[in-house]
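Text of the file target06.tsv, holding TSV, C-alpha atoms:
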chain	number	residue	atom	x	y	z
B	283	MET	CA	102.67	133.72	134.33
B	284	THR	CA	102.23	133.43	130.58
B	285	PRO	CA	105.01	131.31	129.09
B	286	LYS	CA	107.35	133.19	126.83
B	287	GLY	CA	107.06	132.20	123.18
B	288	PRO	CA	109.94	131.88	120.74
B	289	GLU	CA	111.85	135.02	119.84
B	290	THR	CA	110.39	136.60	116.71
B	291	LEU	CA	112.44	136.07	113.58
B	292	ASP	CA	111.69	138.60	110.84
B	293	LEU	CA	112.03	137.13	107.36
B	294	ASP	CA	109.81	139.71	105.70
B	295	HIS	CA	112.51	142.21	104.82
B	296	ALA	CA	111.15	142.63	101.30
B	297	ALA	CA	108.23	144.47	102.89
B	298	THR	CA	110.46	146.59	105.11
B	299	SER	CA	113.77	146.27	106.92
B	300	PRO	CA	114.68	147.14	110.51
B	301	LEU	CA	116.37	150.45	111.12
B	302	ASP	CA	120.13	150.09	111.44
B	303	PRO	CA	121.22	151.39	114.89
B	304	ALA	CA	124.11	153.25	113.27
B	305	VAL	CA	121.64	155.02	110.98
B	306	LEU	CA	119.52	156.00	113.96
B	307	GLU	CA	122.57	157.51	115.64
B	308	GLU	CA	123.09	159.83	112.67
B	309	MET	CA	119.43	160.80	112.75
B	310	LEU	CA	119.18	161.54	116.47
B	311	PRO	CA	120.60	165.10	116.46
B	312	TYR	CA	117.97	166.08	113.87
B	313	LEU	CA	115.24	164.52	115.98
B	314	ARG	CA	116.42	166.37	119.07
B	315	SER	CA	118.42	169.59	119.00
B	316	GLU	CA	118.96	170.26	115.27
B	317	SER	CA	115.30	170.81	114.44
B	318	ALA	CA	115.49	173.84	112.16
B	319	ASN	CA	113.76	174.20	108.82
B	320	PRO	CA	116.40	173.77	106.07
B	321	SER	CA	114.84	176.66	104.14
B	322	SER	CA	115.59	179.09	106.97
B	323	VAL	CA	118.58	181.39	106.53
B	324	HIS	CA	119.65	181.54	110.17
B	325	ALA	CA	122.54	179.40	111.40
B	326	PRO	CA	120.46	176.38	112.52
B	327	GLY	CA	118.66	176.42	109.17
B	328	VAL	CA	121.98	176.57	107.32
B	329	ARG	CA	123.19	173.53	109.29
B	330	ALA	CA	119.99	171.67	108.42
B	331	ARG	CA	120.44	172.57	104.75
B	332	ALA	CA	124.02	171.30	104.83
B	333	ALA	CA	122.83	167.99	106.28
B	334	VAL	CA	120.22	167.63	103.53
B	335	GLU	CA	122.75	168.37	100.79
B	336	ARG	CA	125.28	165.94	102.28
B	337	ALA	CA	122.61	163.22	102.30
B	338	ARG	CA	121.74	164.07	98.69
B	339	GLU	CA	125.36	163.49	97.72
B	340	ARG	CA	125.45	160.18	99.60
B	341	VAL	CA	122.30	158.87	97.92
B	342	LEU	CA	123.52	159.89	94.47
B	343	GLU	CA	126.89	158.26	95.03
B	344	ALA	CA	125.25	155.03	96.23
B	345	VAL	CA	122.86	154.93	93.26
B	346	ALA	CA	125.03	156.14	90.42
B	347	GLY	CA	128.63	156.46	91.57
B	348	GLY	CA	129.63	153.11	90.14
B	349	ALA	CA	128.20	154.12	86.78
B	350	GLY	CA	130.26	157.29	86.77
B	351	ARG	CA	127.21	159.50	86.24
B	352	GLY	CA	126.17	162.69	87.92
B	353	GLY	CA	122.52	163.30	88.53
B	354	THR	CA	119.82	165.08	90.49
B	355	VAL	CA	118.25	163.64	93.64
B	356	THR	CA	114.73	164.74	94.53
B	357	PHE	CA	113.65	163.57	97.97
B	358	THR	CA	110.10	162.24	98.29
B	359	SER	CA	107.98	160.64	101.00
B	360	GLY	CA	109.02	157.17	99.80
B	361	GLY	CA	109.44	154.92	96.81
B	362	THR	CA	105.75	155.05	95.94
B	363	GLU	CA	105.83	158.82	95.56
B	364	ALA	CA	109.09	158.64	93.60
B	365	ASN	CA	107.49	156.25	91.10
B	366	ASN	CA	104.32	158.34	90.89
B	367	LEU	CA	106.36	161.50	90.35
B	368	ALA	CA	108.30	159.86	87.53
B	369	VAL	CA	105.32	158.31	85.75
B	370	LEU	CA	102.83	161.14	86.04
B	371	GLY	CA	105.44	163.90	85.96
B	372	PHE	CA	107.29	162.77	82.85
B	373	VAL	CA	104.21	161.73	80.87
B	374	ARG	CA	102.62	165.10	81.59
B	375	ALA	CA	105.82	166.87	80.55
B	376	ARG	CA	105.86	165.55	76.97
B	377	ARG	CA	103.34	164.28	74.43
B	378	THR	CA	103.51	160.56	73.78
B	379	ASP	CA	101.70	158.05	71.60
B	380	ARG	CA	101.62	155.43	74.35
B	381	VAL	CA	102.86	154.63	77.84
B	382	VAL	CA	104.91	151.44	77.94
B	383	VAL	CA	105.43	149.37	81.08
B	384	SER	CA	105.86	145.67	81.82
B	385	ALA	CA	103.14	143.31	82.99
B	386	VAL	CA	104.92	142.83	86.33
B	387	GLU	CA	105.21	146.40	87.57
B	388	HIS	CA	104.59	147.39	91.18
B	389	PRO	CA	101.22	149.15	91.62
B	390	SER	CA	103.07	152.43	92.26
B	391	VAL	CA	104.07	152.31	88.57
B	392	ARG	CA	101.21	150.30	87.07
B	393	ASN	CA	98.40	152.43	88.50
B	394	PRO	CA	99.78	155.91	87.72
B	395	ALA	CA	100.76	154.64	84.26
B	396	ALA	CA	97.12	153.84	83.58
B	397	VAL	CA	96.06	157.25	84.90
B	398	ALA	CA	98.70	159.09	82.86
B	399	ALA	CA	97.76	157.25	79.68
B	400	GLU	CA	94.08	157.98	80.20
B	401	GLU	CA	94.84	161.68	80.77
B	402	ALA	CA	96.87	161.78	77.57
B	403	GLY	CA	94.27	159.83	75.61
B	404	VAL	CA	96.77	157.15	74.62
B	405	PRO	CA	97.06	153.43	75.36
B	406	CYS	CA	98.99	152.03	78.31
B	407	VAL	CA	100.82	148.98	76.96
B	408	ALA	CA	101.84	146.34	79.53
B	409	THR	CA	104.35	144.11	77.77
B	410	PRO	CA	104.43	140.44	78.79
B	411	THR	CA	107.11	138.28	80.36
B	412	ASP	CA	108.24	134.76	79.64
B	413	PRO	CA	107.00	131.96	81.93
B	414	ALA	CA	109.89	132.60	84.34
B	415	GLY	CA	108.85	136.22	84.81
B	416	SER	CA	111.56	137.88	82.70
B	417	LEU	CA	110.61	140.60	80.24
B	418	ASP	CA	109.92	139.25	76.76
B	419	LEU	CA	112.31	141.53	74.89
B	420	ASP	CA	110.82	140.80	71.46
B	421	ARG	CA	107.31	141.75	72.60
B	422	PHE	CA	108.74	144.75	74.44
B	423	ALA	CA	110.44	145.97	71.27
B	424	GLU	CA	107.18	145.58	69.36
B	425	ALA	CA	105.48	147.92	71.83
B	426	LEU	CA	107.90	150.81	71.21
B	427	GLY	CA	107.50	153.50	68.60
B	428	GLU	CA	109.29	156.65	67.43
B	429	LYS	CA	106.64	158.83	69.14
B	430	THR	CA	106.83	156.94	72.43
B	431	THR	CA	108.29	159.26	75.06
B	432	PHE	CA	107.84	157.31	78.29
B	433	VAL	CA	108.79	153.78	79.37
B	434	ALA	CA	108.88	152.40	82.93
B	435	LEU	CA	110.33	149.06	84.02
B	436	ILE	CA	110.90	147.40	87.37
B	437	HIS	CA	114.40	146.10	88.07
B	438	GLY	CA	114.02	143.58	90.92
B	439	GLN	CA	110.42	142.35	90.96
B	440	ASN	CA	108.92	142.63	94.43
B	441	GLU	CA	106.70	139.51	94.29
B	442	THR	CA	109.09	137.07	92.61
B	443	GLY	CA	112.57	138.57	92.93
B	444	VAL	CA	113.16	138.21	89.18
B	445	VAL	CA	115.67	140.78	87.91
B	446	GLN	CA	114.63	142.30	84.62
B	447	PRO	CA	117.10	142.78	81.74
B	448	ILE	CA	117.23	146.56	81.95
B	449	ALA	CA	120.40	147.01	79.86
B	450	ALA	CA	118.95	145.02	76.96
B	451	ALA	CA	115.61	146.81	77.27
B	452	ALA	CA	117.38	150.16	77.25
B	453	ARG	CA	119.11	149.30	73.99
B	454	ALA	CA	115.74	148.62	72.44
B	455	VAL	CA	114.37	151.91	73.78
B	456	ARG	CA	117.28	153.93	72.39
B	457	ALA	CA	116.98	152.26	68.98
B	458	LEU	CA	113.20	152.26	68.58
B	459	ALA	CA	111.99	155.09	70.80
B	460	PRO	CA	114.96	157.48	70.91
B	461	ARG	CA	112.94	160.30	72.50
B	462	ALA	CA	111.67	158.14	75.34
B	463	HIS	CA	112.39	158.73	79.00
B	464	LEU	CA	113.28	155.38	80.62
B	465	HIS	CA	112.33	155.18	84.29
B	466	VAL	CA	113.42	152.24	86.44
B	467	ASP	CA	111.92	151.15	89.74
B	468	ALA	CA	114.98	149.91	91.67
B	469	ILE	CA	113.35	149.99	95.10
B	470	GLN	CA	113.81	146.27	95.82
B	471	SER	CA	117.20	145.85	94.17
B	472	PHE	CA	119.01	148.92	95.52
B	473	GLY	CA	121.43	147.86	98.24
B	474	LYS	CA	120.97	144.14	97.50
B	475	VAL	CA	122.69	143.86	94.11
B	476	PRO	CA	124.82	146.26	92.06
B	477	ILE	CA	122.73	148.61	89.95
B	478	ASP	CA	125.60	150.23	88.05
B	479	ASP	CA	124.28	148.84	84.76
B	480	VAL	CA	120.87	150.34	85.51
B	481	ALA	CA	122.29	153.74	86.47
B	482	ALA	CA	124.33	153.73	83.26
B	483	VAL	CA	121.26	153.54	81.01
B	484	ALA	CA	118.22	154.86	82.92
B	485	ASP	CA	116.93	158.41	82.72
B	486	SER	CA	115.53	158.15	86.24
B	487	ILE	CA	115.56	155.66	89.10
B	488	ALA	CA	113.29	155.34	92.16
B	489	VAL	CA	114.78	154.20	95.48
B	490	SER	CA	113.51	153.99	99.05
B	491	GLY	CA	115.01	154.28	102.52
B	492	HIS	CA	113.19	151.61	104.48
B	493	LYS	CA	114.23	148.78	102.16
B	494	ILE	CA	117.93	149.30	103.05
B	495	HIS	CA	117.73	149.60	106.86
B	496	GLY	CA	116.92	153.28	106.71
B	497	PRO	CA	113.84	155.09	108.03
B	498	LYS	CA	110.35	154.82	106.63
B	499	GLY	CA	108.74	157.81	104.95
B	500	ILE	CA	111.69	158.79	102.75
B	501	GLY	CA	112.60	157.95	99.18
B	502	ALA	CA	114.11	159.61	96.16
B	503	LEU	CA	113.77	160.06	92.44
B	504	VAL	CA	117.25	160.14	90.92
B	505	ARG	CA	117.30	161.57	87.40
B	506	PHE	CA	120.07	162.01	84.90
B	507	GLY	CA	119.74	165.14	82.80
B	508	GLY	CA	116.81	166.10	80.64
B	509	ARG	CA	113.66	167.93	81.49
B	510	ALA	CA	112.31	167.84	85.04
B	511	PRO	CA	108.98	166.11	85.70
B	512	VAL	CA	105.84	168.15	86.18
B	513	PRO	CA	105.44	168.37	89.99
B	514	LEU	CA	102.73	166.48	91.81
B	515	VAL	CA	103.02	168.66	94.93
B	516	PHE	CA	103.03	172.46	94.77
B	517	GLY	CA	103.96	174.90	97.49
B	518	GLY	CA	107.11	176.64	98.59
B	519	GLY	CA	109.33	175.36	95.80
B	520	GLN	CA	111.53	173.02	97.83
B	521	GLU	CA	113.57	170.36	96.04
B	522	ALA	CA	114.24	172.74	93.16
B	523	GLY	CA	110.50	173.15	92.67
B	524	VAL	CA	109.99	169.49	91.78
B	525	ARG	CA	108.62	168.43	95.16
B	526	SER	CA	107.45	171.23	97.44
B	527	GLY	CA	107.10	170.81	101.17
B	528	THR	CA	109.47	171.23	104.11
B	529	GLU	CA	112.13	168.55	103.83
B	530	ASN	CA	112.08	165.66	106.28
B	531	VAL	CA	115.56	166.34	107.61
B	532	PRO	CA	115.87	163.36	110.02
B	533	GLY	CA	114.54	161.00	107.37
B	534	ILE	CA	116.80	162.43	104.68
B	535	VAL	CA	119.86	162.19	106.92
B	536	GLY	CA	118.93	158.61	107.76
B	537	PHE	CA	118.44	157.76	104.11
B	538	GLY	CA	121.85	159.17	103.26
B	539	ALA	CA	123.46	157.16	106.05
B	540	ALA	CA	121.66	153.97	105.05
B	541	ALA	CA	122.57	154.43	101.39
B	542	SER	CA	126.25	154.89	102.22
B	543	ARG	CA	126.28	151.86	104.50
B	544	ALA	CA	124.49	149.71	101.92
B	545	ALA	CA	126.92	150.76	99.20
B	546	ALA	CA	129.97	150.10	101.39
B	547	ALA	CA	128.71	146.62	102.30
B	548	LEU	CA	127.39	145.66	98.85
B	549	SER	CA	130.36	143.57	97.69
B	550	ALA	CA	129.86	141.35	100.73
B	551	THR	CA	126.08	141.60	100.91
B	552	THR	CA	125.24	140.21	97.47
B	553	PRO	CA	127.14	136.88	97.74
B	554	ALA	CA	126.11	136.42	101.37
B	555	LEU	CA	122.45	136.86	100.47
B	556	ALA	CA	122.84	134.51	97.51
B	557	ALA	CA	124.13	131.78	99.82
B	558	LEU	CA	121.21	132.29	102.20
B	559	ALA	CA	118.69	132.35	99.35
B	560	ALA	CA	120.04	129.02	98.06
B	561	ARG	CA	119.30	127.50	101.47
B	562	VAL	CA	115.78	128.90	101.43
B	563	VAL	CA	115.23	127.46	97.96
B	564	ALA	CA	116.49	124.09	99.21
B	565	ALA	CA	113.97	124.24	102.06
B	566	PHE	CA	111.14	124.75	99.58
B	567	ASP	CA	112.52	122.05	97.26
B	568	ALA	CA	112.37	119.58	100.14
B	569	LEU	CA	108.60	120.09	100.34
B	570	ASP	CA	106.21	118.05	98.24
B	571	GLY	CA	104.32	120.36	95.89
B	572	ALA	CA	106.30	123.57	96.38
B	573	VAL	CA	107.36	125.60	93.32
B	574	VAL	CA	109.84	128.46	93.62
B	575	LEU	CA	108.69	131.36	91.47
B	576	GLY	CA	111.03	132.63	88.80
B	577	ARG	CA	113.66	130.00	89.44
B	578	ASP	CA	114.36	129.62	85.71
B	579	ALA	CA	114.93	133.36	85.22
B	580	ALA	CA	118.38	134.44	84.12
B	581	GLU	CA	118.81	136.45	87.31
B	582	ARG	CA	116.95	136.79	90.60
B	583	LEU	CA	117.42	139.04	93.58
B	584	PRO	CA	119.23	137.14	96.34
B	585	SER	CA	116.99	138.87	98.88
B	586	ILE	CA	113.63	137.42	97.79
B	587	VAL	CA	112.49	133.82	97.52
B	588	ALA	CA	108.80	133.26	96.81
B	589	ALA	CA	107.16	129.89	96.40
B	590	ALA	CA	103.70	128.51	95.71
B	591	VAL	CA	103.01	125.66	98.15
B	592	ALA	CA	100.31	123.31	96.93
B	593	GLY	CA	97.49	122.50	99.32
B	594	VAL	CA	97.84	125.57	101.54
B	595	ARG	CA	96.67	129.16	101.67
B	596	GLY	CA	99.60	131.52	101.98
B	597	GLU	CA	98.09	133.57	104.78
B	598	VAL	CA	97.22	130.42	106.76
B	599	LEU	CA	100.77	129.11	106.42
B	600	GLN	CA	102.00	132.55	107.41
B	601	HIS	CA	100.03	132.36	110.66
B	602	HIS	CA	101.32	128.86	111.46
B	603	LEU	CA	104.90	130.01	110.95
B	604	GLU	CA	104.19	132.99	113.15
B	605	GLU	CA	103.15	130.58	115.92
B	606	GLU	CA	106.76	129.39	115.79
B	607	GLY	CA	107.96	132.97	115.96
B	608	ILE	CA	108.81	133.32	112.27
B	609	VAL	CA	107.42	136.20	110.21
B	610	VAL	CA	107.26	135.85	106.42
B	611	GLY	CA	105.30	137.60	103.71
B	612	THR	CA	102.53	136.28	101.52
B	613	GLY	CA	102.06	136.70	97.82
B	614	SER	CA	99.71	139.48	96.85
B	615	ALA	CA	97.16	137.26	95.14
B	616	CYS	CA	94.72	140.11	94.60
B	617	ALA	CA	95.15	143.66	93.50
B	618	SER	CA	92.41	146.19	94.22
B	619	SER	CA	89.62	143.64	94.67
B	620	LYS	CA	89.21	140.15	96.04
B	621	THR	CA	88.50	138.71	92.61
B	622	GLU	CA	91.43	140.14	90.67
B	623	LEU	CA	94.54	138.01	90.34
B	624	SER	CA	97.88	139.75	90.81
B	625	PRO	CA	99.12	140.78	87.34
B	626	THR	CA	102.54	139.42	88.26
B	627	TYR	CA	101.18	135.98	89.02
B	628	ALA	CA	98.96	136.08	85.96
B	629	ALA	CA	102.07	136.83	83.87
B	630	LEU	CA	103.70	133.71	85.31
B	631	GLY	CA	100.65	131.64	84.44
B	632	LEU	CA	99.51	130.95	88.00
B	633	ASN	CA	95.84	130.32	88.61
B	634	GLU	CA	94.00	131.81	91.57
B	635	ALA	CA	94.58	128.84	93.89
B	636	GLU	CA	98.29	128.81	93.11
B	637	ALA	CA	98.58	132.56	93.60
B	638	ARG	CA	96.88	132.34	96.96
B	639	SER	CA	99.34	129.65	98.06
B	640	VAL	CA	102.42	131.86	97.74
B	641	ILE	CA	104.63	132.82	100.65
B	642	ARG	CA	107.60	135.15	100.29
B	643	VAL	CA	110.81	135.11	102.29
B	644	GLY	CA	112.63	138.45	102.41
B	645	LEU	CA	116.30	138.47	103.41
B	646	SER	CA	118.69	141.32	104.19
B	647	ARG	CA	122.26	141.77	105.26
B	648	HIS	CA	121.05	141.46	108.86
B	649	THR	CA	119.81	137.90	108.22
B	650	ALA	CA	122.02	135.12	109.59
B	651	ALA	CA	122.50	131.53	108.46
B	652	ALA	CA	120.97	130.37	111.76
B	653	ASP	CA	117.83	132.34	110.90
B	654	VAL	CA	117.45	130.46	107.63
B	655	ASP	CA	118.11	127.14	109.37
B	656	ARG	CA	115.33	127.92	111.85
B	657	PHE	CA	112.96	128.67	108.98
B	658	ALA	CA	113.96	125.49	107.14
B	659	ALA	CA	113.20	123.41	110.24
B	660	ALA	CA	109.84	125.07	110.91
B	661	LEU	CA	108.55	125.13	107.33
B	662	PRO	CA	107.68	121.43	106.88
B	663	ARG	CA	106.03	121.29	110.29
B	664	ALA	CA	103.86	124.31	109.50
B	665	VAL	CA	102.94	123.01	106.05
B	666	ALA	CA	102.00	119.61	107.47
B	667	ARG	CA	99.70	121.24	110.03
B	668	VAL	CA	97.97	123.37	107.41
B	669	ARG	CA	97.47	120.44	105.05
B	670	GLU	CA	96.09	118.32	107.88
B	671	LEU	CA	93.57	121.05	108.69
B	672	VAL	CA	92.28	121.24	105.12
B	673	GLY	CA	92.22	117.45	104.77
What is this structure when it is put down as structure tokens?
Amino acid sequence: MTPKGPETLDLDHAATSPLDPAVLEEMLPYLRSESANPSSVHAPGVRARAAVERARERVLEAVAGGAGRGGTVTFTSGGTEANNLAVLGFVRARRTDRVVVSAVEHPSVRNPAAVAAEEAGVPCVATPTDPAGSLDLDRFAEALGEKTTFVALIHGQNETGVVQPIAAAARAVRALAPRAHLHVDAIQSFGKVPIDDVAAVADSIAVSGHKIHGPKGIGALVRFGGRAPVPLVFGGGQEAGVRSGTENVPGIVGFGAAASRAAAALSATTPALAALAARVVAAFDALDGAVVLGRDAAERLPSIVAAAVAGVRGEVLQHHLEEEGIVVGTGSACASSKTELSPTYAALGLNEAEARSVIRVGLSRHTAAADVDRFAAALPRAVARVRELVG
């Protein structure tokens, strides 16, 4: 008989989070008996439509209720599509003299921003950060102009956890580019920290279900007034014509349930995660040659701790931790090719060896203190083994 290994501990919740059993319970009827198309006018279709609209209300309340703003929720296949819809859709909707983003955007913003700018025949300006990974507001302001009509910024950075100063950036946008649409990628921060200040100033926000213990394959673009984006998907005119295609009713219902549960738990979640993150940081600080990324930033997500560990390769350390039953993420050292350094790490001044040494711990409200203690005990053993292997 093969001996049973240690129970797997998932500390990669920044990549995805496990489905909450209570969310699954709300989804089950729409996976079983309530299978009608929500565009149908018969009774089962009307019930499906009602479930979609109830979920839309729940997502909007979770995203923007604290900011006291109404808005429009367009369901998409996930956060990536929501970001693509915002960037391509809003740039195509209005002429602009440039597309402005930060140097630490997720590829689902960075890549379509480059495409949109090329289509429009204008520059895509990626404004830098300070060494801690926070947006350099002076350089950001310099990038704006009166004819600029689109700006996109990430809120909680997915590789470092650094929270960007969206409220201050928005003030600069309103003063220097008053016609600009400000889109915010809040996919990592939603459900982990309050985003009321973001919802109060953004023109649109992207969120995702599977980052908050909801199902995969569902996200939303939440927009507040103004012109709708040019659609990326054409067809039967669902989602008010902005995103055609038969709605994913089970996924939408699950997203609504997960959003409500995340919002209800948020006041307890944020400080609990902060306490756990401090213990993860302490575990890295106890290592010789480990540097926590973004630790000098004014604010970081309590759900992400990433560190460069000297003398190791992140993916090798990942495998050694996995031998102890612990799953963590690695830093994305390369973008589209094996020779290209992650723009986020480049913005922080990391060289290629440092970038390749990064591991990322992703926490969620399902993470316990005992889980972090287990990681803290295993980390130095795994690092020692890796360093011994490389001499």
> Of the candidates B:Ile608, B:Leu623, B:Leu603, B:Ile477, which one gets nearest to B:Ala346 if we count all atoms listed in the file?
Replying inline: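 Closest residue, counting all atoms listed in the file: B:Ile477.
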> Which is closer to B:Ala658 than all the others in B:Val563, B:Glu581, B:His437, B:Pro394, using all atoms listed in the file?
Replying inline: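 Between B:Val563, B:Glu581, B:His437, B:Pro394, the residue approaching B:Ala658 most closely is B:Val563.
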> Taking into account only C-alpha atoms, which residue in the set B:Ala450, B:Ala666, B:Ala434, B:Ala349 is nearest to B:Ala468?
Replying inline: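 Closest candidate: B:Ala434.
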For B:Val341, please output as a PDB file with C-alpha atoms, in the frame of the given file all residues within 8 Å (counting all atoms listed in the file; exclusion window: fewer than 4 positions along the same chain).
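Output below, filename result_23.pdb:
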ATOM      1  CA  ALA B 337     122.610 163.220 102.300  1.00  0.00           C
ATOM      2  CA  VAL B 345     122.860 154.930  93.260  1.00  0.00           C
ATOM      3  CA  VAL B 355     118.250 163.640  93.640  1.00  0.00           C
ATOM      4  CA  PHE B 537     118.440 157.760 104.110  1.00  0.00           C
ATOM      5  CA  GLY B 538     121.850 159.170 103.260  1.00  0.00           C
ATOM      6  CA  ALA B 541     122.570 154.430 101.390  1.00  0.00           C
ATOM      7  CA  SER B 542     126.250 154.890 102.220  1.00  0.00           C
TER       8      SER B 542
END
> Counting all atoms listed in the file, which of B:Val591, B:Leu632, B:Val386, B:Ala488 gets nearest to B:Glu441?
Replying inline: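 Comparing B:Val591, B:Leu632, B:Val386, B:Ala488 against B:Glu441, the winner is B:Val386.
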> Of the candidates B:Arg543, B:Arg582, B:Arg351, B:Arg376, which one gets nearest to B:Arg505 if we count all atoms listed in the file?
Replying inline: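 Using all atoms listed in the file, B:Arg505 sits closest to B:Arg351.
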>> Counting all atoms listed in the file, which residue out of B:Pro311, B:Pro511, B:Gly348, B:Pro625 sits closest to B:Ser384?
In response: B:Pro625
>> Taking 6 positions as the minimum chain separation for residues in the same chain, which residues sit within 12 Å of B:Gln520 when counting all atoms listed in the file? Answer as a PyMOL selection string.
In response: chain B and resi 319-322+331+334+356-358+513+526-530
> Quick one, how far is atom CA of B:Gly518 from atom CA of B:His492?
Replying inline: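 Atom CA of B:His492 lies 26.4 Å from atom CA of B:Gly518.
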